[in-house]
Every structure is written in structure tokens, then in C-alpha cells.
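Reproduced below: entry_3.pdb, with PDB, C-alpha atoms, pLDDT in the B column.
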```
ATOM      1  CA  MET A 252     113.498 106.130  74.169  1.00 61.00           C
ATOM      2  CA  GLU A 253     110.082 107.754  73.802  1.00 84.00           C
ATOM      3  CA  LEU A 254     108.936 107.725  77.440  1.00 89.00           C
ATOM      4  CA  THR A 255     106.918 110.162  79.505  1.00 89.00           C
ATOM      5  CA  GLY A 256     108.169 111.373  82.858  1.00 89.00           C
ATOM      6  CA  ASP A 257     105.939 108.927  84.732  1.00 93.00           C
ATOM      7  CA  GLU A 258     106.985 106.058  82.465  1.00 94.00           C
ATOM      8  CA  ARG A 259     110.589 106.908  83.340  1.00 93.00           C
ATOM      9  CA  VAL A 260     109.706 106.859  87.050  1.00 95.00           C
ATOM     10  CA  VAL A 261     108.246 103.362  86.769  1.00 97.00           C
ATOM     11  CA  ALA A 262     111.153 102.152  84.618  1.00 96.00           C
ATOM     12  CA  LEU A 263     113.673 103.419  87.161  1.00 96.00           C
ATOM     13  CA  TYR A 264     111.725 101.901  90.047  1.00 97.00           C
ATOM     14  CA  VAL A 265     111.685  98.405  88.482  1.00 97.00           C
ATOM     15  CA  SER A 266     115.289  98.585  87.250  1.00 96.00           C
ATOM     16  CA  ASP A 267     118.445  97.531  89.069  1.00 95.00           C
ATOM     17  CA  MET A 268     118.888 101.103  90.309  1.00 94.00           C
ATOM     18  CA  PRO A 269     120.280 100.828  93.846  1.00 91.00           C
ATOM     19  CA  ASP A 270     118.000 101.904  96.678  1.00 85.00           C
ATOM     20  CA  ARG A 271     120.677 104.194  98.089  1.00 80.00           C
ATOM     21  CA  PHE A 272     123.154 106.353  96.245  1.00 76.00           C
ATOM     22  CA  ARG A 273     123.993 110.002  95.752  1.00 73.00           C
ATOM     23  CA  ALA A 274     122.403 111.339  92.604  1.00 68.00           C
ATOM     24  CA  SER A 275     125.493 113.453  91.949  1.00 69.00           C
ATOM     25  CA  SER A 276     127.641 110.313  91.861  1.00 74.00           C
ATOM     26  CA  VAL A 277     125.700 108.719  88.982  1.00 80.00           C
ATOM     27  CA  ASP A 278     126.298 109.795  85.429  1.00 83.00           C
ATOM     28  CA  LYS A 279     123.608 110.360  82.828  1.00 84.00           C
ATOM     29  CA  SER A 280     124.467 107.248  80.857  1.00 86.00           C
ATOM     30  CA  GLN A 281     123.880 105.054  83.922  1.00 89.00           C
ATOM     31  CA  VAL A 282     120.469 106.625  84.570  1.00 89.00           C
ATOM     32  CA  ALA A 283     119.554 106.149  80.899  1.00 89.00           C
ATOM     33  CA  ALA A 284     120.674 102.500  81.114  1.00 92.00           C
ATOM     34  CA  TRP A 285     118.451 101.932  84.180  1.00 94.00           C
ATOM     35  CA  ILE A 286     115.483 103.462  82.342  1.00 93.00           C
ATOM     36  CA  VAL A 287     116.023 101.211  79.326  1.00 93.00           C
ATOM     37  CA  GLN A 288     116.516  98.192  81.598  1.00 96.00           C
ATOM     38  CA  GLY A 289     113.301  98.876  83.521  1.00 97.00           C
ATOM     39  CA  ALA A 290     111.309  99.412  80.329  1.00 95.00           C
ATOM     40  CA  GLU A 291     112.623  96.175  78.858  1.00 96.00           C
ATOM     41  CA  ARG A 292     112.050  94.312  82.125  1.00 96.00           C
ATOM     42  CA  ILE A 293     108.286  94.901  82.230  1.00 96.00           C
ATOM     43  CA  GLY A 294     107.582  95.786  78.592  1.00 96.00           C
ATOM     44  CA  LEU A 295     106.202  98.993  77.152  1.00 93.00           C
ATOM     45  CA  GLU A 296     102.533  98.067  77.489  1.00 94.00           C
ATOM     46  CA  GLU A 297     102.830  97.280  81.205  1.00 96.00           C
ATOM     47  CA  LEU A 298     105.122 100.262  81.737  1.00 96.00           C
ATOM     48  CA  ARG A 299     102.527 102.606  80.257  1.00 93.00           C
ATOM     49  CA  ARG A 300      99.713 101.004  82.243  1.00 94.00           C
ATOM     50  CA  GLU A 301     101.590 101.317  85.543  1.00 96.00           C
ATOM     51  CA  ALA A 302     102.619 104.897  84.732  1.00 95.00           C
ATOM     52  CA  ALA A 303      98.958 105.830  84.118  1.00 94.00           C
ATOM     53  CA  PHE A 304      98.011 104.331  87.508  1.00 95.00           C
ATOM     54  CA  PHE A 305     100.936 106.154  89.122  1.00 95.00           C
ATOM     55  CA  TYR A 306      99.814 109.491  87.674  1.00 94.00           C
ATOM     56  CA  GLY A 307      96.163 108.838  88.550  1.00 94.00           C
ATOM     57  CA  HIS A 308      97.192 108.184  92.153  1.00 94.00           C
ATOM     58  CA  ARG A 309      99.277 111.364  92.196  1.00 94.00           C
ATOM     59  CA  LEU A 310      96.317 113.444  90.954  1.00 93.00           C
ATOM     60  CA  LEU A 311      94.004 111.975  93.599  1.00 94.00           C
ATOM     61  CA  GLU A 312      96.674 112.447  96.257  1.00 94.00           C
ATOM     62  CA  MET A 313      97.187 116.110  95.375  1.00 92.00           C
ATOM     63  CA  SER A 314      93.439 116.630  95.805  1.00 91.00           C
ATOM     64  CA  ARG A 315      93.453 114.563  99.003  1.00 93.00           C
ATOM     65  CA  VAL A 316      90.765 112.177  97.783  1.00 91.00           C
ATOM     66  CA  VAL A 317      92.647 108.851  97.475  1.00 93.00           C
ATOM     67  CA  PRO A 318      90.339 105.947  98.331  1.00 92.00           C
ATOM     68  CA  VAL A 319      91.758 103.343 100.711  1.00 93.00           C
ATOM     69  CA  ASP A 320      91.739 100.594  98.061  1.00 93.00           C
ATOM     70  CA  VAL A 321      93.554 102.796  95.525  1.00 93.00           C
ATOM     71  CA  GLN A 322      96.177 103.695  98.152  1.00 94.00           C
ATOM     72  CA  ALA A 323      96.629 100.007  98.986  1.00 94.00           C
ATOM     73  CA  ARG A 324      97.183  99.118  95.317  1.00 94.00           C
ATOM     74  CA  HIS A 325      99.679 101.974  94.960  1.00 95.00           C
ATOM     75  CA  GLU A 326     101.615 100.736  97.999  1.00 95.00           C
ATOM     76  CA  GLN A 327     101.594  97.187  96.618  1.00 95.00           C
ATOM     77  CA  ARG A 328     102.946  98.429  93.289  1.00 94.00           C
ATOM     78  CA  PHE A 329     105.539 100.698  94.935  1.00 96.00           C
ATOM     79  CA  PRO A 330     106.292  99.244  98.382  1.00 96.00           C
ATOM     80  CA  LYS A 331     109.554 101.185  98.807  1.00 95.00           C
ATOM     81  CA  ALA A 332     108.544 104.834  99.220  1.00 94.00           C
ATOM     82  CA  ARG A 333     112.124 106.165  99.328  1.00 94.00           C
ATOM     83  CA  ARG A 334     113.019 104.258  96.177  1.00 95.00           C
ATOM     84  CA  LEU A 335     109.993 105.768  94.460  1.00 95.00           C
ATOM     85  CA  GLU A 336     111.071 109.256  95.557  1.00 93.00           C
ATOM     86  CA  LYS A 337     114.558 108.624  94.163  1.00 93.00           C
ATOM     87  CA  ALA A 338     113.075 107.364  90.878  1.00 94.00           C
ATOM     88  CA  GLU A 339     110.862 110.476  90.667  1.00 92.00           C
ATOM     89  CA  SER A 340     113.826 112.757  91.278  1.00 89.00           C
ATOM     90  CA  LEU A 341     116.007 111.086  88.657  1.00 89.00           C
ATOM     91  CA  ALA A 342     113.168 110.940  86.126  1.00 88.00           C
ATOM     92  CA  ALA A 343     112.524 114.656  86.571  1.00 84.00           C
ATOM     93  CA  ALA A 344     116.191 115.391  85.882  1.00 81.00           C
ATOM     94  CA  THR A 345     116.088 113.378  82.634  1.00 78.00           C
ATOM     95  CA  LYS A 346     113.415 115.658  81.159  1.00 68.00           C
ATOM     96  CA  MET A 347     115.803 118.590  80.937  1.00 60.00           C
ATOM     97  CA  PRO A 348     116.199 119.709  77.309  1.00 56.00           C
ATOM     98  CA  THR A 349     119.942 119.101  77.441  1.00 57.00           C
ATOM     99  CA  TRP A 350     119.535 115.529  78.673  1.00 64.00           C
ATOM    100  CA  MET A 351     116.671 113.318  77.448  1.00 69.00           C
ATOM    101  CA  PRO A 352     113.832 115.610  76.374  1.00 67.00           C
ATOM    102  CA  MET A 353     110.459 114.040  75.720  1.00 69.00           C
ATOM    103  CA  THR A 354     109.561 113.313  72.134  1.00 72.00           C
ATOM    104  CA  PRO A 355     106.259 114.587  70.699  1.00 74.00           C
ATOM    105  CA  GLN A 356     104.875 111.041  71.001  1.00 79.00           C
ATOM    106  CA  ALA A 357     105.714 110.924  74.705  1.00 75.00           C
ATOM    107  CA  MET A 358     104.298 114.417  75.220  1.00 76.00           C
ATOM    108  CA  ALA A 359     101.008 113.244  73.699  1.00 75.00           C
ATOM    109  CA  ARG A 360     100.793 110.471  76.336  1.00 78.00           C
ATOM    110  CA  ASN A 361     102.203 112.574  79.164  1.00 76.00           C
ATOM    111  CA  SER A 362      98.890 113.284  80.867  1.00 77.00           C
ATOM    112  CA  ALA A 363      97.485 109.741  80.682  1.00 81.00           C
ATOM    113  CA  ALA A 364      95.966 108.932  84.070  1.00 88.00           C
ATOM    114  CA  GLU A 365      93.886 106.033  85.298  1.00 90.00           C
ATOM    115  CA  VAL A 366      92.601 104.837  88.625  1.00 92.00           C
ATOM    116  CA  GLU A 367      93.108 101.205  89.504  1.00 89.00           C
ATOM    117  CA  GLY A 368      90.012 100.242  91.386  1.00 82.00           C
ATOM    118  CA  GLY A 369      87.122 102.513  92.108  1.00 85.00           C
ATOM    119  CA  CYS A 370      87.605 106.175  91.439  1.00 90.00           C
ATOM    120  CA  PRO A 371      85.844 108.362  93.995  1.00 91.00           C
ATOM    121  CA  CYS A 372      83.894 110.041  91.155  1.00 90.00           C
ATOM    122  CA  ARG A 373      82.344 106.703  90.126  1.00 88.00           C
ATOM    123  CA  GLY A 374      82.425 107.842  86.505  1.00 85.00           C
ATOM    124  CA  THR A 375      80.509 111.076  87.132  1.00 88.00           C
ATOM    125  CA  ARG A 376      83.592 113.360  86.815  1.00 90.00           C
ATOM    126  CA  SER A 377      82.598 114.923  90.129  1.00 88.00           C
ATOM    127  CA  ILE A 378      83.443 113.896  93.707  1.00 89.00           C
ATOM    128  CA  LYS A 379      80.886 114.758  96.369  1.00 87.00           C
ATOM    129  CA  LEU A 380      82.428 116.363  99.446  1.00 84.00           C
ATOM    130  CA  GLY A 381      79.313 116.504 101.563  1.00 80.00           C
ATOM    131  CA  ARG A 382      75.795 117.591 100.758  1.00 84.00           C
ATOM    132  CA  ALA A 383      76.547 120.993  99.267  1.00 86.00           C
ATOM    133  CA  PHE A 384      80.062 120.649  97.874  1.00 86.00           C
ATOM    134  CA  SER A 385      81.712 118.686  95.119  1.00 86.00           C
ATOM    135  CA  LEU A 386      85.091 118.613  93.432  1.00 88.00           C
ATOM    136  CA  ILE A 387      85.846 118.054  89.758  1.00 90.00           C
ATOM    137  CA  CYS A 388      87.528 114.657  89.618  1.00 90.00           C
ATOM    138  CA  PRO A 389      91.263 115.303  89.197  1.00 90.00           C
ATOM    139  CA  VAL A 390      91.527 112.208  86.984  1.00 89.00           C
ATOM    140  CA  HIS A 391      88.310 111.976  84.969  1.00 87.00           C
ATOM    141  CA  GLY A 392      87.149 115.583  85.099  1.00 85.00           C
ATOM    142  CA  ARG A 393      90.355 117.102  83.733  1.00 71.00           C
ATOM    143  CA  ALA A 394      89.196 117.086  80.101  1.00 60.00           C
ATOM    144  CA  THR A 395      85.984 118.851  81.090  1.00 54.00           C
ATOM    145  CA  ALA A 396      87.900 121.446  83.087  1.00 49.00           C
ATOM    146  CA  HIS A 397      90.298 122.073  80.185  1.00 47.00           C
ATOM    147  CA  GLN A 398      87.387 122.465  77.766  1.00 49.00           C
ATOM    148  CA  ASN A 399      85.650 124.924  80.099  1.00 47.00           C
ATOM    149  CA  ARG A 400      88.830 127.007  80.410  1.00 47.00           C
ATOM    150  CA  ALA A 401      89.180 127.096  76.636  1.00 47.00           C
ATOM    151  CA  GLY A 402      85.607 128.327  76.261  1.00 49.00           C
ATOM    152  CA  VAL A 403      84.336 125.182  74.575  1.00 46.00           C
ATOM    153  CA  ALA A 404      80.686 124.454  75.263  1.00 44.00           C
ATOM    154  CA  LEU A 405      79.972 121.009  76.634  1.00 40.00           C
TER     155      LEU A 405
END
```
As C-alpha cells, please, write out the structure in this file.
Amino acid sequence: MELTGDERVVALYVSDMPDRFRASSVDKSQVAAWIVQGAERIGLEELRREAAFFYGHRLLEMSRVVPVDVQARHEQRFPKARRLEKAESLAAATKMPTWMPMTPQAMARNSAAEVEGGCPCRGTRSIKLGRAFSLICPVHGRATAHQNRAGVAL
């Protein structure tokens, strides 16, 4: 199945994967079956949408700029934090080249990120951190940052 890592996380989370189990006690075929089940359960379009919100939240969280409303939506979408951690761990393991490597199509979507609700940058690609400081938006300013690193004039 052509899924990104975050799409696999969401698929595992919504599947019948048990909340508690030892990862070493589950074989690869069972994990793959849960991923397929989760993807089929919510459909590819919704899976991709939720994965983009998941990744957008992660980027904001890593920069410590998650707005309260975005955090609330994330917790509504993923109310079981431990289950989400387990899904992330299993999804990461599936990306190993010897297991279920990502296809070129999935790699092309792999950095899709969105913010459900109001992004702290408000579309400006920059988040003000007081009067004199600002931060490039980790969600919307990434393309600009990548262009600047590559030496492309904006």
C-alpha cells in the first residue's frame, strides 16, 4: 500500500490494533493487516487529511507553538495518547527497507502538513514571539526555508 509514515500512524490508530501488546509478539503480517484495515475503515482521502493534520500538529509541537484550539482538535482526533505512541512506533518500524518501504508516490506526499484551525502564523509564514523576535512557521514556512537553503531567490 502506498502510504506515508504518518498515514500509517493514522491507519494503525483507527484499526483494530489492541491498545496493549508487546510489539515483539506481533508479526509483520499482522501489522500490515491493521494498516490496510485502518486505511479501508476511513478511506484514503480522510486518511491523508488526518495524517496531514497529525504532521502539522507534530511540527508545531516540536517548535512549542501549538495553539490551544489546535491541541484540542488533536486530542479529539487521538484521545488515547498511549495508543497513538504505539501506532507511531509500529509505523516507524514498517518504513524499514526490508519491511514495507515507502513508494515514490508516498515519498512525494510524505511532508504534507496542515493545521486544523488557526495556524499561529495566520498565513504570514512567520510566528511573532514578542516584539523583536519571530519564528519561521514550521508548517507554512518550510518551503521558504528550503528555498533559502538551496540558494533560490524568493
Smallest atom-to-atom distance to A:Tyr264: which of A:Gln288, A:Gln356, A:Thr375, A:Gln322, using only C-alpha atoms?
->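 The shortest atom-to-atom distance to A:Tyr264 comes from A:Gln288.
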List the residues matched by the PyMOL selection byres ((chain A and resi 295-299) around 12) in the displayed structure as a tab-separated table (two decimals) with C-alpha atoms, in the frame of the given file, ordered by chain and then by residue number.
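Contents of the output file result-v6.tsv:
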```
chain	number	residue	atom	x	y	z
A	252	MET	CA	113.50	106.13	74.17
A	253	GLU	CA	110.08	107.75	73.80
A	254	LEU	CA	108.94	107.72	77.44
A	255	THR	CA	106.92	110.16	79.50
A	256	GLY	CA	108.17	111.37	82.86
A	257	ASP	CA	105.94	108.93	84.73
A	258	GLU	CA	106.98	106.06	82.46
A	259	ARG	CA	110.59	106.91	83.34
A	260	VAL	CA	109.71	106.86	87.05
A	261	VAL	CA	108.25	103.36	86.77
A	262	ALA	CA	111.15	102.15	84.62
A	263	LEU	CA	113.67	103.42	87.16
A	264	TYR	CA	111.72	101.90	90.05
A	265	VAL	CA	111.68	98.40	88.48
A	266	SER	CA	115.29	98.58	87.25
A	286	ILE	CA	115.48	103.46	82.34
A	287	VAL	CA	116.02	101.21	79.33
A	288	GLN	CA	116.52	98.19	81.60
A	289	GLY	CA	113.30	98.88	83.52
A	290	ALA	CA	111.31	99.41	80.33
A	291	GLU	CA	112.62	96.18	78.86
A	292	ARG	CA	112.05	94.31	82.12
A	293	ILE	CA	108.29	94.90	82.23
A	294	GLY	CA	107.58	95.79	78.59
A	300	ARG	CA	99.71	101.00	82.24
A	301	GLU	CA	101.59	101.32	85.54
A	302	ALA	CA	102.62	104.90	84.73
A	303	ALA	CA	98.96	105.83	84.12
A	304	PHE	CA	98.01	104.33	87.51
A	305	PHE	CA	100.94	106.15	89.12
A	306	TYR	CA	99.81	109.49	87.67
A	328	ARG	CA	102.95	98.43	93.29
A	357	ALA	CA	105.71	110.92	74.70
A	360	ARG	CA	100.79	110.47	76.34
A	361	ASN	CA	102.20	112.57	79.16
A	362	SER	CA	98.89	113.28	80.87
A	363	ALA	CA	97.48	109.74	80.68
A	364	ALA	CA	95.97	108.93	84.07
A	365	GLU	CA	93.89	106.03	85.30
```
From the list A:Ser276, A:Ser314, A:Ser340, A:Gln281, which residue is nearest A:Cys388 when using only C-alpha atoms?
->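 When distances to A:Cys388 are compared using only C-alpha atoms, the smallest one comes from A:Ser314.
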Step by step, work through what the PyMOL selection byres ((chain A and resi 334) around 9) selects in the shown file, and finish by giving those residues as a PyMOL selection string.
-> chain A and resi 264+268-271+329-333+335-339
So which residues touch stretch 366-369 of chain A within 9 Å, counting all atoms listed in the file, skipping near sequence neighbours fewer than 2 positions away, as an MDAnalysis selection string?
-> chainID A and resid 303:308 311 318 320:321 324:325 364 371:373 390
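Our summary of the geometry notes that atom CA of A:Ala383 is positioned 16.8 Å from atom CA of A:Val316.
Between A:Leu386 and the residues A:Arg315, A:Ala323, A:Arg309, A:Ala284, the shortest atom-to-atom distance, using only C-alpha atoms, involves A:Arg315.
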So for stretch 322-341 of chain A, what box centre and size do we get, axis-aligned, 4 Å extra on each of the six sides, every listed atom, Å to one decimal, as AutoDock Vina command-line options?
```
--center_x 106.1 --center_y 105.0 --center_z 94.0 --size_x 27.8 --size_y 23.6 --size_z 18.7
```
Rounded to one decimal in Å, what is the spacing between atom CA of A:Cys370 and atom CA of A:Leu310?
->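 Rounded to one decimal, the two atoms are 11.4 Å apart.
When atom CA of A:Asp278 is paired with atom CA of A:Leu341, their separation reads 10.9 Å.
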